[in-house]
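Asks: Take this structure, written in structure tokens, and hold onto it; I'll ask about it next.
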Amino acid sequence: MQTFCLEVSGDFACFTRPEMKVERVSYDVITPSAARAVFEAIFWKPAIRWHIRRIEVLKPIRWINLRRNEVSGVVPAGAVKSAMKQGKGNLGMYVEEDRQQRAGLFLRDVRYRLHAEFEMLNNNPENNPVKFAEMFKRRASKGQCFNQPYLGTREFSCDFRLVEADTAPAQPLPETRELGWMLYDMDFADTTNPMPRFFQANMQDGVIHVPAWDSEEIRG
């Protein structure tokens with residue numbers, strides 16, 4: 001499979017650790033699931049699935065503490081469906097009543113190079129992998145996307161650019177550290193009960209090699 005590379009950067013990022021129940025605390029680096037979401041924001045088709053193979057950390061890992069206003073509730077899905085059927089409905093939220101102030105430990109001034117491949121999910125002859133590869137490269141090189149890519153949370157949007165094969169190699173962060181158990185992605189084999197999958201992440205000279213989805217390194 002052909003490998004594609006994106007360089008992404010942003011002022012802030014938050015790749016939330018699931019073990020933190022109230023306050024948002026980020027992983028040290030971008031997770032494979034967040035990296036996958038960047039590729040899907042640029043080019044997504046039901047016939048393909050993106051797989052992250054390598055993450056290169058290009059800037060020092062820096063932190064910032066922020067306190068933000070959030071809302072504690074969400075608009076019920078049933079109310080949304082009813083409004084869609086009837087053409088009207090009460091979908092408003094009272095911010096003053098639902099607002100909560102929460103602290104967060106986020107990353108700042110981040111830059112990564114993300115290496116990924118896509119897998120064809122069916123054998124439909126109309127789904128040509130060469131065509132999809134060219135479509136992705138064309139969109140990424142022009143800065144086009146279906147929705148704005150972000151770094152963990154939608155409020156932290158990111159810039160991206162396609163890294164061509166003849167582009168000078170990046171200089172990853174000259175640092176090695178154990179990152180511990182990191183969220184790999186969600187397993188939707190049971191759509192009614194999706195389960196998280198984790199892997200033991202290690203950064204070697206600024207590079208994180210991401211194991212395959214069906215690898216023994218991936219744990220539930």
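Every chain in the structure tokens takes a letter, A first, then B, and so on in the order presented; its residues are numbered from 1, and the ligands are numbered from 1 following the presented order.
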Neighbouring residues of A:Lys137 were defined as those with any atom within 12 Å, considering only C-alpha atoms; residues of the same chain fewer than 5 positions away were excluded. Please report them as a list in words.

Replies: Gln2, Thr3, Phe4, Cys5, Leu6, Phe39, Ile42, Phe43, Val130, Lys131, Phe132, Lys142, Gly143, Gln144, Cys145, Arg161, Leu162, Val163, Glu164 and Ala165 of chain A

Asks: Just list as a PyMOL selection string whatever in stretch 20-192 of chain A DSSP marks as strand (DSSP E or B).

Replies: chain A and resi 24-26+48-57+63-71+99-120+150-151+153-157+159-162+177-187

Asks: Keeping C-alpha atoms for every residue in the selection just given, could you write it to a file as a tab-separated table (two decimals), in the first residue's frame?

Replies:
chain	number	residue	atom	x	y	z
A	24	ARG	CA	-9.26	17.27	30.48
A	25	VAL	CA	-5.64	16.08	30.48
A	26	SER	CA	-3.88	15.44	27.19
A	48	ILE	CA	-11.62	2.91	2.54
A	49	ARG	CA	-10.17	2.85	6.05
A	50	TRP	CA	-7.13	4.89	7.05
A	51	HIS	CA	-4.31	3.29	9.09
A	52	ILE	CA	-1.65	5.38	10.84
A	53	ARG	CA	1.81	3.82	10.55
A	54	ARG	CA	4.20	6.38	12.04
A	55	ILE	CA	4.09	9.63	13.99
A	56	GLU	CA	7.03	12.03	14.03
A	57	VAL	CA	7.12	14.67	16.76
A	63	TRP	CA	2.16	22.22	28.24
A	64	ILE	CA	-0.31	24.90	29.22
A	65	ASN	CA	-3.00	25.05	31.92
A	66	LEU	CA	-6.30	26.57	30.82
A	67	ARG	CA	-9.62	27.04	32.54
A	68	ARG	CA	-12.60	27.03	30.20
A	69	ASN	CA	-16.37	27.34	30.27
A	70	GLU	CA	-18.20	24.20	29.10
A	71	VAL	CA	-21.81	23.06	29.14
A	99	ARG	CA	-22.29	26.21	32.20
A	100	GLN	CA	-19.44	24.63	34.12
A	101	GLN	CA	-15.90	25.85	34.52
A	102	ARG	CA	-13.26	23.17	34.09
A	103	ALA	CA	-9.48	23.17	34.12
A	104	GLY	CA	-7.45	21.43	31.45
A	105	LEU	CA	-3.83	20.48	30.84
A	106	PHE	CA	-3.23	20.93	27.11
A	107	LEU	CA	-0.34	20.86	24.66
A	108	ARG	CA	0.81	24.03	22.96
A	109	ASP	CA	2.73	24.88	19.82
A	110	VAL	CA	2.68	21.38	18.33
A	111	ARG	CA	3.88	20.04	14.99
A	112	TYR	CA	3.77	16.45	13.73
A	113	ARG	CA	4.39	14.46	10.59
A	114	LEU	CA	1.80	11.72	10.17
A	115	HIS	CA	2.36	8.73	7.91
A	116	ALA	CA	-0.68	6.70	6.88
A	117	GLU	CA	-2.02	4.18	4.38
A	118	PHE	CA	-5.58	3.40	3.37
A	119	GLU	CA	-7.14	-0.03	3.03
A	120	MET	CA	-9.86	-0.91	0.53
A	150	TYR	CA	-8.43	19.55	14.46
A	151	LEU	CA	-6.03	18.39	17.15
A	153	THR	CA	-10.96	18.77	20.09
A	154	ARG	CA	-12.74	20.83	17.45
A	155	GLU	CA	-11.82	24.14	19.06
A	156	PHE	CA	-8.13	23.38	18.38
A	157	SER	CA	-8.08	23.49	14.58
A	159	ASP	CA	-2.98	23.65	9.61
A	160	PHE	CA	-1.88	20.84	7.31
A	161	ARG	CA	0.19	20.31	4.20
A	162	LEU	CA	0.98	17.32	2.04
A	177	ARG	CA	10.69	8.41	26.28
A	178	GLU	CA	8.13	5.84	27.34
A	179	LEU	CA	4.63	7.22	26.75
A	180	GLY	CA	2.78	4.42	28.52
A	181	TRP	CA	-0.54	2.96	27.44
A	182	MET	CA	-2.13	5.16	24.80
A	183	LEU	CA	-5.53	5.06	23.13
A	184	TYR	CA	-5.15	3.43	19.71
A	185	ASP	CA	-8.72	3.69	18.42
A	186	MET	CA	-12.28	2.59	19.04
A	187	ASP	CA	-13.40	-0.90	18.02

Asks: From a backbone DSSP assignment, name each residue in stretch 14-48 of chain A labelled alpha helix (DSSP H), as a list of chain:residue names.

Replies: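 Matching residues for alpha helix (DSSP H) in stretch 14-48 of chain A are A:Pro32, A:Ser33, A:Ala34, A:Ala35, A:Arg36, A:Ala37, A:Val38, A:Phe39, A:Glu40, A:Ala41, A:Ile42.
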
Asks: If you count only C-alpha atoms, which residues fall within 10 Å of A:Leu173, apart from same-chain ones fewer than 4 positions away, as a list of chain:residue names?

Replies: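 Once the nearby chain positions are removed, what remains is A:Glu56, A:Val57, A:Leu58, A:Lys59, A:Pro60, A:Ile61, A:Tyr112, A:Met203, A:Gln204, A:Asp205, A:Gly206, A:Val207.
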
Asks: For the residues selected in the previous step, produce a file with N, CA and C atoms as a short mmCIF file (atom, residue, chain, number, x, y, z; two decimals), in the first residue's frame.

Replies:
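What landed in result03.cif:
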data_model
loop_
_atom_site.label_atom_id
_atom_site.label_comp_id
_atom_site.auth_asym_id
_atom_site.auth_seq_id
_atom_site.Cartn_x
_atom_site.Cartn_y
_atom_site.Cartn_z
N GLU A 56 5.77 11.34 13.74
CA GLU A 56 7.03 12.03 14.03
C GLU A 56 6.72 13.32 14.78
N VAL A 57 7.30 13.48 15.94
CA VAL A 57 7.12 14.67 16.76
C VAL A 57 8.22 15.66 16.38
N LEU A 58 7.82 16.82 15.86
CA LEU A 58 8.79 17.76 15.32
C LEU A 58 9.13 18.91 16.26
N LYS A 59 8.31 19.13 17.29
CA LYS A 59 8.57 20.22 18.24
C LYS A 59 8.57 19.69 19.66
N PRO A 60 9.29 20.37 20.57
CA PRO A 60 9.32 19.93 21.97
C PRO A 60 7.91 19.85 22.56
N ILE A 61 7.73 18.91 23.46
CA ILE A 61 6.44 18.72 24.12
C ILE A 61 6.29 19.77 25.21
N TYR A 112 3.54 17.88 13.95
CA TYR A 112 3.77 16.45 13.73
C TYR A 112 3.83 16.16 12.24
N MET A 203 8.37 6.53 22.23
CA MET A 203 8.94 7.51 21.31
C MET A 203 10.44 7.34 21.28
N GLN A 204 10.97 6.99 20.11
CA GLN A 204 12.40 6.76 19.94
C GLN A 204 12.95 7.83 19.01
N ASP A 205 13.75 8.73 19.56
CA ASP A 205 14.30 9.84 18.77
C ASP A 205 13.20 10.60 18.05
N GLY A 206 12.11 10.84 18.76
CA GLY A 206 11.02 11.64 18.22
C GLY A 206 10.07 10.89 17.32
N VAL A 207 10.23 9.58 17.15
CA VAL A 207 9.39 8.80 16.23
C VAL A 207 8.62 7.73 17.00
#

Asks: Atom CA of A:Ala201 and atom CA of A:Thr31 are how many Å apart?

Replies: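 So the two atoms, atom CA of A:Ala201 and atom CA of A:Thr31, lie 9.5 Å apart.
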
Asks: Go through A:Pro172, A:Val210, A:Met135, A:Gly220 one by one, measure the shortest atom-to-atom distance of each to A:Pro196 using only C-alpha atoms, and give the residue with the smallest value.

Replies: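 Distance minimum relative to A:Pro196 lands on A:Gly220.
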